[in-house]
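What follows is my_file28.cif (mmCIF, C-alpha atoms and all ligand atoms).
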```
data_my_file
#
loop_
_atom_site.label_atom_id
_atom_site.label_comp_id
_atom_site.auth_asym_id
_atom_site.auth_seq_id
_atom_site.Cartn_x
_atom_site.Cartn_y
_atom_site.Cartn_z
CA MET A 1 67.12 141.96 116.91
CA PRO A 2 67.64 145.79 117.18
CA GLY A 3 71.28 146.83 117.19
CA PHE A 4 72.49 143.41 116.03
CA CYS A 5 75.52 143.61 113.72
CA LYS A 6 75.55 147.40 113.81
CA THR A 7 78.72 149.20 112.87
CA GLY A 8 79.90 152.29 114.77
CA GLU A 9 78.16 154.51 112.24
CA GLY A 10 74.77 152.91 112.84
CA LEU A 11 74.92 150.82 109.66
CA THR A 12 74.46 147.06 109.73
CA PHE A 13 77.22 145.00 108.09
CA ARG A 14 74.73 144.14 105.38
CA ASP A 15 74.11 147.83 104.62
CA MET A 16 77.80 148.62 104.70
CA PHE A 17 78.53 145.68 102.36
CA LEU A 18 75.86 146.71 99.84
CA GLN A 19 76.51 150.47 99.97
CA ARG A 20 80.27 150.75 100.39
CA ILE A 21 82.23 147.53 99.77
CA LEU A 22 80.35 145.99 96.82
CA PRO A 23 80.42 149.13 94.59
CA THR A 24 84.17 149.69 95.15
CA ARG A 25 85.52 146.13 94.90
CA PRO A 26 83.23 144.14 92.56
CA PHE A 27 86.04 142.15 90.87
CA THR A 28 87.75 141.15 94.11
CA LEU A 29 84.45 139.99 95.56
CA ALA A 30 83.55 138.09 92.39
CA LEU A 31 86.90 136.31 92.54
CA ILE A 32 86.39 135.36 96.20
CA GLY A 33 82.91 134.07 95.30
CA VAL A 34 84.24 131.88 92.47
CA PHE A 35 86.98 130.54 94.75
CA LEU A 36 84.46 129.59 97.46
CA MET A 37 82.23 127.82 94.94
CA LEU A 38 85.05 125.84 93.31
CA PRO A 39 84.48 122.11 93.84
CA LEU A 40 86.86 120.36 96.19
CA THR A 41 89.79 118.55 94.58
CA PRO A 42 88.82 115.05 93.36
CA GLN A 43 90.89 113.26 96.06
CA ALA A 44 89.31 115.35 98.81
CA GLN A 45 85.85 114.69 97.36
CA LEU A 46 86.49 110.94 97.29
CA GLY A 47 87.79 110.84 100.86
CA TYR A 48 90.45 108.26 99.93
CA GLU A 49 93.47 107.99 97.71
CA ARG A 50 92.69 106.04 94.54
CA PRO A 51 95.14 103.12 94.18
CA VAL A 52 96.57 101.87 90.88
CA VAL A 53 93.71 100.20 89.00
CA ILE A 54 93.86 98.58 85.54
CA GLU A 55 91.01 100.12 83.57
CA ARG A 56 91.98 100.00 79.92
CA MET A 57 91.46 96.82 77.89
CA GLN A 58 94.86 97.29 76.30
CA ALA A 59 96.57 97.31 79.71
CA TYR A 60 94.56 94.24 80.80
CA LYS A 61 95.53 92.36 77.62
CA GLN A 62 99.19 93.27 78.10
CA LEU A 63 98.98 91.89 81.63
CA ILE A 64 97.55 88.57 80.36
CA GLY A 65 100.18 88.46 77.62
CA ALA A 66 102.91 88.64 80.23
CA ASP A 67 101.19 86.27 82.69
CA PRO A 68 98.26 84.04 81.55
CA ASP A 69 97.20 83.56 85.21
CA GLN A 70 95.98 87.18 85.15
CA LYS A 71 93.08 86.28 82.83
CA LEU A 72 89.55 86.48 84.16
CA VAL A 73 87.93 83.12 83.40
CA GLU A 74 84.15 82.59 83.30
CA LEU A 75 83.45 79.99 85.99
CA GLN A 76 80.82 77.89 84.19
CA THR A 77 83.25 77.35 81.28
CA LEU A 78 85.24 75.20 83.73
CA ASN A 79 82.31 73.61 85.56
CA LYS A 80 78.77 73.63 84.14
CA GLU A 81 77.23 72.46 87.44
CA LEU A 82 77.97 75.77 89.19
CA VAL A 83 74.79 77.62 90.18
CA TYR A 84 74.73 81.44 89.94
CA ASP A 85 72.71 83.79 92.12
CA ILE A 86 74.40 87.11 91.34
CA ARG A 87 72.91 89.17 94.12
CA TYR A 88 74.48 92.50 93.18
CA ALA A 89 72.75 92.32 89.78
CA THR A 90 69.44 92.40 91.70
CA SER A 91 68.08 94.49 94.56
CA ASN A 92 68.18 91.34 96.75
CA ASN A 93 71.32 92.39 98.62
CA PHE A 94 72.14 94.38 101.73
CA THR A 95 72.15 97.72 99.84
CA GLY A 96 68.63 97.13 98.48
CA GLN A 97 69.76 98.17 94.99
CA ALA A 98 71.29 96.56 91.90
CA LEU A 99 74.96 97.53 91.66
CA TYR A 100 75.79 95.44 88.58
CA PRO A 101 73.85 95.68 85.30
CA ARG A 102 70.68 93.61 85.86
CA THR A 103 71.53 91.54 82.79
CA THR A 104 74.80 90.30 84.38
CA ALA A 105 74.74 86.52 83.92
CA LEU A 106 78.44 85.64 84.04
CA CYS A 107 80.91 85.20 86.91
CA PHE A 108 84.66 85.58 86.56
CA LEU A 109 87.79 84.83 88.60
CA ARG A 110 91.51 85.03 87.78
CA ARG A 111 92.53 81.70 86.22
CA PRO A 112 94.15 80.07 89.32
CA ALA A 113 91.11 80.98 91.47
CA ALA A 114 88.66 79.75 88.80
CA GLU A 115 90.53 76.45 88.48
CA ALA A 116 90.74 75.97 92.26
CA LEU A 117 86.99 76.65 92.54
CA SER A 118 86.27 74.13 89.82
CA ARG A 119 88.25 71.52 91.79
CA VAL A 120 86.14 72.28 94.90
CA ALA A 121 82.94 71.83 92.87
CA HIS A 122 84.27 68.57 91.42
CA SER A 123 85.10 67.23 94.87
CA LEU A 124 81.62 68.15 96.21
CA GLN A 125 79.91 66.55 93.20
CA LYS A 126 81.03 63.13 94.44
CA LYS A 127 78.83 63.79 97.50
CA GLY A 128 75.84 64.93 95.42
CA LEU A 129 76.58 68.56 96.30
CA GLY A 130 77.42 71.65 94.30
CA LEU A 131 78.36 75.31 94.70
CA LYS A 132 76.20 78.39 94.39
CA ILE A 133 78.09 81.61 93.61
CA PHE A 134 76.79 84.94 94.96
CA ASP A 135 79.70 87.10 93.80
CA ALA A 136 83.18 86.74 92.34
CA TYR A 137 85.14 89.35 90.30
CA ARG A 138 83.74 92.81 91.01
CA PRO A 139 84.83 95.83 88.93
CA TYR A 140 86.62 98.44 91.08
CA ALA A 141 84.02 101.12 90.26
CA VAL A 142 81.43 99.01 92.13
CA THR A 143 83.61 99.02 95.25
CA GLU A 144 83.61 102.82 94.99
CA LYS A 145 79.81 102.74 94.62
CA PHE A 146 79.54 100.59 97.79
CA TRP A 147 81.73 103.09 99.64
CA ARG A 148 79.54 106.03 98.60
CA LEU A 149 76.55 104.13 100.02
CA ILE A 150 78.17 102.73 103.19
CA ALA A 151 81.56 104.21 104.12
CA ASP A 152 82.21 101.63 106.84
CA GLU A 153 85.07 99.14 106.62
CA ARG A 154 83.19 96.62 108.74
CA TYR A 155 80.80 96.06 105.84
CA VAL A 156 82.50 97.17 102.61
CA ALA A 157 86.07 97.38 101.32
CA ASN A 158 87.82 100.74 101.53
CA PRO A 159 88.52 101.74 97.91
CA ALA A 160 91.95 103.01 99.04
CA LYS A 161 92.90 99.33 99.30
CA GLY A 162 90.37 97.71 96.97
CA SER A 163 89.17 94.18 97.65
CA GLY A 164 90.02 90.62 96.70
CA HIS A 165 86.88 90.75 94.55
CA ASN A 166 88.42 93.63 92.52
CA ARG A 167 91.48 91.42 92.04
CA GLY A 168 89.34 88.51 90.82
CA ILE A 169 90.61 86.15 93.53
CA ALA A 170 87.73 86.34 96.05
CA VAL A 171 84.44 84.51 95.84
CA ASP A 172 81.23 84.52 97.89
CA LEU A 173 79.49 81.16 97.82
CA THR A 174 77.57 78.41 99.54
CA ILE A 175 76.86 74.70 99.05
CA VAL A 176 73.72 73.39 97.36
CA ASP A 177 72.18 69.97 96.88
CA LEU A 178 72.95 69.14 93.24
CA GLN A 179 69.54 67.60 92.58
CA THR A 180 67.23 70.11 94.27
CA LYS A 181 69.61 73.15 94.03
CA LYS A 182 68.53 73.91 97.59
CA GLU A 183 71.14 75.65 99.76
CA LEU A 184 72.55 73.84 102.79
CA ASP A 185 71.72 75.59 106.08
CA MET A 186 74.66 77.86 106.98
CA GLY A 187 72.91 79.55 109.91
CA THR A 188 72.59 82.95 108.20
CA GLY A 189 72.08 84.17 104.66
CA PHE A 190 74.73 85.79 102.47
CA ASP A 191 75.87 89.31 103.53
CA ASN A 192 74.55 88.93 107.05
CA PHE A 193 76.72 91.24 109.14
CA SER A 194 75.93 89.82 112.58
CA ASP A 195 78.30 87.79 114.76
CA THR A 196 76.32 84.68 113.79
CA ALA A 197 78.00 84.80 110.36
CA HIS A 198 81.49 84.51 111.92
CA HIS A 199 83.40 81.22 111.71
CA SER A 200 84.24 81.66 115.40
CA PHE A 201 80.51 81.75 116.31
CA THR A 202 79.72 78.19 117.37
CA ASP A 203 76.39 78.56 119.19
CA LEU A 204 74.62 76.96 116.22
CA PRO A 205 72.96 73.61 115.44
CA VAL A 206 75.46 70.80 114.79
CA GLN A 207 74.26 70.46 111.18
CA VAL A 208 74.99 74.14 110.47
CA LEU A 209 78.48 73.83 111.97
CA GLN A 210 79.09 70.71 109.86
CA ASN A 211 77.92 72.48 106.68
CA ARG A 212 80.20 75.44 107.31
CA LYS A 213 83.08 73.08 108.10
CA LEU A 214 82.52 71.17 104.86
CA LEU A 215 82.71 74.38 102.79
CA ARG A 216 85.74 75.57 104.75
CA ASP A 217 87.61 72.24 104.47
CA GLU A 218 86.95 71.92 100.73
CA MET A 219 87.96 75.53 100.00
CA ILE A 220 91.11 75.40 102.15
CA ALA A 221 92.11 72.09 100.52
CA GLN A 222 92.25 73.94 97.18
CA GLY A 223 94.26 76.87 98.51
CA PHE A 224 91.55 79.37 99.48
CA VAL A 225 91.75 81.34 102.73
CA PRO A 226 88.57 81.95 104.78
CA LEU A 227 87.53 85.30 106.31
CA ASP A 228 86.47 84.95 109.93
CA THR A 229 83.59 87.46 109.76
CA GLU A 230 81.90 86.03 106.62
CA TRP A 231 81.33 82.27 106.28
CA TRP A 232 80.63 82.75 102.53
CA HIS A 233 83.82 84.65 101.58
CA TYR A 234 87.04 82.98 100.43
CA ALA A 235 90.09 84.34 98.63
CA LEU A 236 93.40 83.13 97.29
CA PRO A 237 96.48 84.41 99.15
CA ASN A 238 99.17 86.53 97.42
CA ALA A 239 96.63 89.25 96.57
CA GLY A 240 99.43 91.63 95.55
CA ARG A 241 100.18 89.42 92.55
CA TYR A 242 96.84 90.34 90.98
CA PRO A 243 96.38 94.06 90.22
CA LEU A 244 93.02 95.71 90.93
CA LEU A 245 90.80 95.72 87.85
CA ASN A 246 88.03 97.97 86.64
CA ILE A 247 87.05 96.11 83.48
CA PRO A 248 83.24 96.04 83.04
CA PHE A 249 81.65 92.56 82.76
CA LYS A 250 80.50 93.13 79.19
CA LYS A 251 84.07 93.81 78.01
CA ILE A 252 85.56 90.56 79.37
CA GLU A 253 85.92 87.88 76.73
ZN ZN A 301 83.22 88.53 99.48
#
```
Represent the structure from my file as structure tokens, please.
Amino acid sequence: MPGFCKTGEGLTFRDMFLQRILPTRPFTLALIGVFLMLPLTPQAQLGYERPVVIERMQAYKQLIGADPDQKLVELQTLNKELVYDIRYATSNNFTGQALYPRTTALCFLRRPAAEALSRVAHSLQKKGLGLKIFDAYRPYAVTEKFWRLIADERYVANPAKGSGHNRGIAVDLTIVDLQTKKELDMGTGFDNFSDTAHHSFTDLPVQVLQNRKLLRDEMIAQGFVPLDTEWWHYALPNAGRYPLLNIPFKKIE
């Protein structure tokens, strides 16, 4: 556009910059340029304040030394009948991508949670039923990965707080028939974020409501607390007792 950005002398700002300012102040301008290109501080880039997370094996081992309940215990070592379907080690989850190494074949919980879960499985076995585990302990870095994909607290944990999964006291699971390994009908699949997945949603077939109630009753009887928005998610209370962990699966013994 003629006359656009013209200075009083008939020069455009671009001309003035190239002919007069750049030759006289190259260092100042270079400094301003570097400043503008500097990456944002890590906290600002993350968009949340990183909480205290145990990441080093030495720190984790010290924690267990002081309190054996802090140990992550592999669930099948307590109960061989548990079925695993580790969805986050496959692309068969709501993100459509594998967030754990695809070779992940083990599931861990802090000792009291693992023992409580084993008691639930034992109780269900008397009815010819078993448990299928979708997720249990989740390294903190994966919660950060979730947040980079979907920064929405309705669906994923805010890394500023971390989740019960990062503390090794939360588990996502359903009930299966022990013989056929077929899942009982819970009305929705795992990680379904509609109202239908809520415990308070009761417009469902009687059998579905009974199945959900069975899981809820058995889990509560062993000390787990349900989450209203996800029929598959249970956690032990007293989360603050169990620090957030970022120990990769392959390092846990
Ligand atoms: Zn969960």
Fill in: Protein and nucleic residues near ligand ZN 301 (chain A), 6 Å, all atoms listed in the file, as a PyMOL selection string
chain A and resi 171-172+233
Could you please take those selected residues and save C-alpha atoms as a short mmCIF file (atom, residue, chain, number, x, y, z; two decimals), in the coordinates of the input?
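What landed in result29.cif:
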```cif
data_model
loop_
_atom_site.label_atom_id
_atom_site.label_comp_id
_atom_site.auth_asym_id
_atom_site.auth_seq_id
_atom_site.Cartn_x
_atom_site.Cartn_y
_atom_site.Cartn_z
CA VAL A 171 84.44 84.51 95.84
CA ASP A 172 81.23 84.52 97.89
CA HIS A 233 83.82 84.65 101.58
#
```
Fill in: Residue with smallest distance to A:Asp217 - pool A:Leu178, A:Val120, A:Ala235, A:Leu149, counting only C-alpha atoms
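Going through A:Leu178, A:Val120, A:Ala235, A:Leu149 one by one, the smallest distance to A:Asp217 is for A:Val120.
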Worksheet entry | Non-local contacts of A:Ile54 (9 Å; all atoms listed in the file; under 5 positions in same chain excluded) as a list in words | Ala59, Tyr60, Pro243, Leu244, Leu245, Asn246 and Ile247 of chain A
Worksheet item: Between A:Glu144, A:Asp228, A:Glu81, A:Asp203, which is the closest to A:Val176 once you count all atoms listed in the file?
Response: A:Glu81
Worksheet item: If I put a ball of radius 9 Å at (80.8, 84.4, 101.9) in the file's coordinates, which residues poke into it when counting all atoms listed in the file, written as a VMD selection string?
Response: chain A and resid 134 to 135 171 to 174 190 to 191 197 226 to 227 229 to 234
Item to complete: Tell me, as JSON, numbers by chain, which residues lie within 9 Å of A:Ile169, counting all atoms listed in the file; anything in the same chain fewer than 4 positions away does not count.
Response: {"A": [109, 110, 111, 112, 113, 114, 136, 137, 164, 165, 234, 235, 236, 237, 239, 242]}
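The space between atom CA of A:Tyr84 and atom CA of A:Ile133 spans 5.0 Å.
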Using only the atoms of stretch 205-224 of chain A listed in the file, plus 5 Å on each side, state the axis-aligned box centre and edge lengths in Å rounded to one decimal, as lines of an AutoDock Vina configuration file.
```
center_x = 83.6
center_y = 74.9
center_z = 106.3
size_x = 31.3
size_y = 18.9
size_z = 28.3
```
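Atom CA of A:Val206 sits 19.2 Å away from atom CA of A:Ser194.
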Counting all atoms listed in the file, note down every residue that has an atom within 8 Å of the point (86.7, 88.4, 86.3) (file coordinates), as a compact mmCIF listing (two decimals) with C-alpha atoms, in the coordinates of the input.
```txt
# COMPACT_ATOMS: atom_id res chain seq x y z
CA LYS A 71 93.08 86.28 82.83
CA LEU A 72 89.55 86.48 84.16
CA VAL A 73 87.93 83.12 83.40
CA GLU A 74 84.15 82.59 83.30
CA CYS A 107 80.91 85.20 86.91
CA PHE A 108 84.66 85.58 86.56
CA LEU A 109 87.79 84.83 88.60
CA ARG A 110 91.51 85.03 87.78
CA ALA A 136 83.18 86.74 92.34
CA TYR A 137 85.14 89.35 90.30
CA ARG A 138 83.74 92.81 91.01
CA GLY A 168 89.34 88.51 90.82
CA PHE A 249 81.65 92.56 82.76
CA ILE A 252 85.56 90.56 79.37
```
Fill in: Nearest to A:Val83 by atom-to-atom distance, counting all atoms listed in the file, from A:Asp69, A:Glu183, A:Asp195, A:Glu115
A:Glu183
Response to the item:
In Å and to one decimal, atom CA of A:Gln62 is distant from atom CA of A:Gly240 by 17.5 Å
Worksheet entry | Among listed residues A:Gly130, A:Gly96, A:Pro68, A:Pro51, nearest A:Leu184 (using all atoms listed in the file) |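 So, comparing all the options, the nearest one is A:Gly130.
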Discussion item. Just checking: using all atoms listed in the file, which residue out of A:Phe201, A:Phe146, A:Phe193, A:Tyr140 ends up closest to A:Gln97?
Written reply: A:Phe146
Worksheet item: When distances are computed from only C-alpha atoms, which of A:Val142, A:Ile150, A:Ala157, A:Leu117 shows the smallest separation from A:Gly223?
Response: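 Residue with the minimum atom-to-atom distance to A:Gly223: A:Leu117.
Every protein or nucleic acid residue with an atom no more than 9 Å from A:Arg212, counting all atoms listed in the file and leaving out same-chain residues fewer than 3 positions away, appears here: Thr174, Ile175, Asp185, Met186, Gly187, His199, Gln207, Val208, Leu209, Leu215, Arg216, Asp217, Trp231 and Trp232 of chain A.
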